[in-house]
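Written out below as structure tokens is the structure these notes cover.
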Amino acid sequence: GNYVLDEGVGYLVPTFTNLPILQKLSLAGNAIGDEGAYHLSELMSIAPKLVELDLSFNRIGDQGAQHIGFVLEALKKRKKALASCLKLLNLKQNRIGEDGIGQLWQGQQGDNGPWLRLDVSSNPGESAIARLEAEAEQQRQGQLRGVRRLGRRPSSASSSRSSRSNRSLRSLRSEKSDKSTRSMRSMRSMKSMKSEKGGKSPKAGRR
């Protein structure tokens, strides 16, 4: 490091904007604080070819980390449309607490998990990462269980009730069919009896 301060970063960033093909930038081991992080977050948003940014071993705190996190949110949206190139952000051994870590982690998360490598090890709020990842995993598992419930097959009890209902319907149909058959037979029998009576009447008159 060269012991670059926030003021120095303010002077450097405009010169970097004149380097459209800038891909890697290391300012590790300096004395960059929250104000310098703010200037560098602006650089991140206007350097489309930037792949790696190393700000490890500096003095960036929660406020500076939150500025960077907000830019990561914007880059995440731009990544879908313009394929942002940023792949690695190193903030190891700064002064970032849980609030700053939380904002950075949020900005890092894409639809299918992290969209870039983020190193926040050896910061005061480093432990927040494990908690945030555990909460995200619980949420994913809850969503999976909800999907499984929606797609679950009917239970055996429901299937049994459906089977009994189908048998009852078939039984009712069978009874109706039997009654209809008996009624038709009865009607044919009555017609046959009337026909026989009508045939005997003329013979009785001849006698």
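Labels for the structure tokens follow display order: chains A, B, ..., residues from 1 in each chain, ligands from 1.
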
**Report entry** strand (DSSP E) residues, from DSSP on the backbone, in region 87-128 of chain A, as a PyMOL selection string
**Finding:** chain A and resi 88-90+109-110+113-114+117-119

Query raised in the report: Can you list, as a VMD selection string, every protein, DNA or RNA residue that comes within 10 Å of region 16-30 of chain A when you count only C-alpha atoms, leaving out same-chain residues fewer than 2 positions away?
Result: chain A and resid 1 to 6 9 11 to 14 32 to 33 40 42 to 44 46 to 59 85 to 86 88 90 to 94

Neighbours of Arg95 (chain A) within 6 Å (only C-alpha atoms; same-chain residues fewer than 5 positions away dropped), as a JSON list (two decimals) with N, CA and C atoms, in the first residue's frame?
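File out_7.json, as written:
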```
[["chain", "number", "residue", "atom", "x", "y", "z"],
["A", 59, "ARG", "N", -9.73, 1.02, 6.02],
["A", 59, "ARG", "CA", -10.47, 1.48, 7.21],
["A", 59, "ARG", "C", -11.96, 1.72, 6.90],
["A", 60, "ILE", "N", -12.48, 0.98, 5.98],
["A", 60, "ILE", "CA", -13.88, 1.16, 5.57],
["A", 60, "ILE", "C", -14.81, 0.62, 6.65],
["A", 61, "GLY", "N", -15.79, 1.44, 7.05],
["A", 61, "GLY", "CA", -16.75, 1.04, 8.07],
["A", 61, "GLY", "C", -18.12, 0.77, 7.48],
["A", 123, "ASN", "N", -13.56, -8.91, 9.50],
["A", 123, "ASN", "CA", -14.26, -7.67, 9.83],
["A", 123, "ASN", "C", -15.05, -7.89, 11.11]]
```

Query - For CA of Val71 (chain A) and CA of Gln138 (chain A), the interatomic separation in Å (one decimal) - result: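 CA of Gln138 (chain A) lies at a distance of 26.8 Å from CA of Val71 (chain A).
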
Query raised in the report: Can you list, as a VMD selection string, every protein, DNA or RNA residue that comes within 7 Å of region 106-118 of chain A when you count only C-alpha atoms, leaving out same-chain residues fewer than 4 positions away?
Result: chain A and resid 69 to 70 72 to 73 76 86 to 90 102
